[in-house]
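Participant: Following this message is one structure expressed as structure tokens.
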Amino acid sequence: MKYITLNNGVKMPILGYGTFQITDLKEAQRCVEDALNVGYRSFDTAQAYFNEEALGAAFKVSGVKREELFITTKLWVSHANEKDALKAFETSMKKLGLDYLDLYLIHQPVNDVYGAWRAMSKLYKEGRIKAIGVSNFLPDRLVDFCMNNEIKPAVNQIECNPFHQRVDFQKLMGEYGVAVESWASFGEGKQNMFKNPTLLKIAQKHNKSVAQVILNWLIGRGIIVIPKTTRKERMIENFNVFDFELDSDDKVQIAKLEKGESLFFNHADPAMVKYLNELFK
């Protein structure tokens, strides 16, 4: 496994397992147990995924030592303020069955994120969290956040895939010491990503799958990836991405796939901000 050293010296596996949209608790526990058996040690969940207790149950029966695991969860919008963040954190920890958390992220850049960050910073200084970060912060919000907080985010988890590559944003984050973590590395298959002729050609060239090419490409850029699948054979496939290298021509061809916009939604859209504030209330 390769690791990313975060801005506070904490080492995070560059490849982990994502659990978004696995809401059935029995299915989620089975998936995490399978992922652990495959070799995954980094796991990403969130308060808003409604499956934290399933991860906790899987960790409990796995026999894997706590120090071998890297666990991330996220604070939802409705609790993103100084008072509620502390309570939300304790609830997540109880569901996960953990004494400490490896990475805690603000899930969306709305509500009182500065107040939430003060609460998270307190937990970080107490040693309850090894690293703190954000998710879905656009460049302007991230720069402002970095410039007005004592503790800089260790990670910004954002959409990043061959159709929305975020190259300039990654460079900007690097200037502030913030690691890039990709969600929707496969774009959830939107716009026929898995059947894209360019990606298929590169995959055939290396005798790999399109998914493996995408993960290898992101990892090669120093981007943390957390692919999600419910099928163990796909977990194995996604885990085996370190035994080949894309050449310069491969990278040039992938760069041409850039569409310059999200495959999902714009976090700067006022309607989306309203939606996120009202979701799960």
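How things are named: the first chain in the structure tokens is A, the next is B, and so on; residues count from 1 in each chain; ligands count from 1 in the order shown.
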Tell me which protein, DNA and RNA residues are within 8 Å of Leu199 in chain A, counting only C-alpha atoms, leaving out same-chain ones fewer than 6 positions away, and put them as a tab-separated table (two decimals) with C-alpha atoms, in the first residue's frame.

Facilitator:
```tsv
chain	number	residue	atom	x	y	z
A	193	MET	CA	-17.30	6.43	-18.44
A	210	VAL	CA	-11.12	0.89	-17.05
A	213	VAL	CA	-6.80	2.66	-15.13
A	254	ILE	CA	-6.85	11.14	-20.44
```

Participant: Near Ser92 in chain A, counting only C-alpha atoms, which residues have an atom at most 9 Å away, once you skip same-chain residues fewer than 6 positions from it, shown as JSON, numbers by chain?

Facilitator: {"A": [46, 47, 52, 53, 73, 74, 75, 98]}

Participant: Fewer than 4 positions away in the same chain doesn't count, so skip those; otherwise give me all residues within 9 Å of Ala85 in chain A, counting only C-alpha atoms, as a PyMOL selection string.

Facilitator: chain A and resi 75-76+79-81+89-90+115-117+119-120

Participant: Considering only alpha helix (DSSP H) as DSSP defines it on the backbone, what residues of range 24-254 of chain A qualify? List them as a ChimeraX atom specification.

Facilitator: /A:25-38,52-62,82-96,113-125,139-147,167-175,197-206,210-220,232-239,248-254

Participant: Pick the closest to Glu261 in chain A from A:Gly222, A:Pro162, A:Pro227, A:Gly39: which is it, counting only C-alpha atoms?

Facilitator: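 Looking at the shortest contact to Glu261 in chain A, the residue is A:Pro162.
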
Participant: Quick one: residues within 9 Å of Phe163 in chain A, only C-alpha atoms counted, chain neighbours fewer than 3 positions away excluded, as a PyMOL selection string?

Facilitator: chain A and resi 160+187+191+193+254-263

Participant: Using C-alpha atoms, can you write the selected residues to a file as a PDB file, in the first residue's frame?

Facilitator:
```
ATOM      1  CA  CYS A 160     -12.482  14.101  -9.201  1.00  0.00           C
ATOM      2  CA  GLY A 187     -18.347   9.313 -11.918  1.00  0.00           C
ATOM      3  CA  GLN A 191     -21.684   9.574 -19.511  1.00  0.00           C
ATOM      4  CA  MET A 193     -17.299   6.429 -18.441  1.00  0.00           C
ATOM      5  CA  ILE A 254      -6.853  11.144 -20.438  1.00  0.00           C
ATOM      6  CA  ALA A 255      -6.257  14.893 -20.098  1.00  0.00           C
ATOM      7  CA  LYS A 256      -8.264  15.393 -23.292  1.00  0.00           C
ATOM      8  CA  LEU A 257     -11.341  13.886 -21.594  1.00  0.00           C
ATOM      9  CA  GLU A 258     -11.743  16.928 -19.335  1.00  0.00           C
ATOM     10  CA  LYS A 259     -15.240  18.429 -19.556  1.00  0.00           C
ATOM     11  CA  GLY A 260     -14.655  21.206 -17.050  1.00  0.00           C
ATOM     12  CA  GLU A 261     -17.776  20.718 -14.968  1.00  0.00           C
ATOM     13  CA  SER A 262     -19.295  18.441 -12.353  1.00  0.00           C
ATOM     14  CA  LEU A 263     -21.106  15.301 -13.427  1.00  0.00           C
TER      15      LEU A 263
END
```

Participant: Using only C-alpha atoms, which of A:Leu103, A:Ala154, A:Val143, A:Val38 sits nearest Glu237 in chain A?

Facilitator: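 Smallest separation from Glu237 in chain A among the options: A:Val38.
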
Participant: Excluding range 8-13 of chain A and residues on its chain fewer than 5 positions from it, collect all residues at most 7 Å away from it, counting only C-alpha atoms, and give them as a list in words.

Facilitator: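 Counting only the stated atoms, we get Met1, Lys2, Tyr3, Ser42 and Phe70 of chain A.
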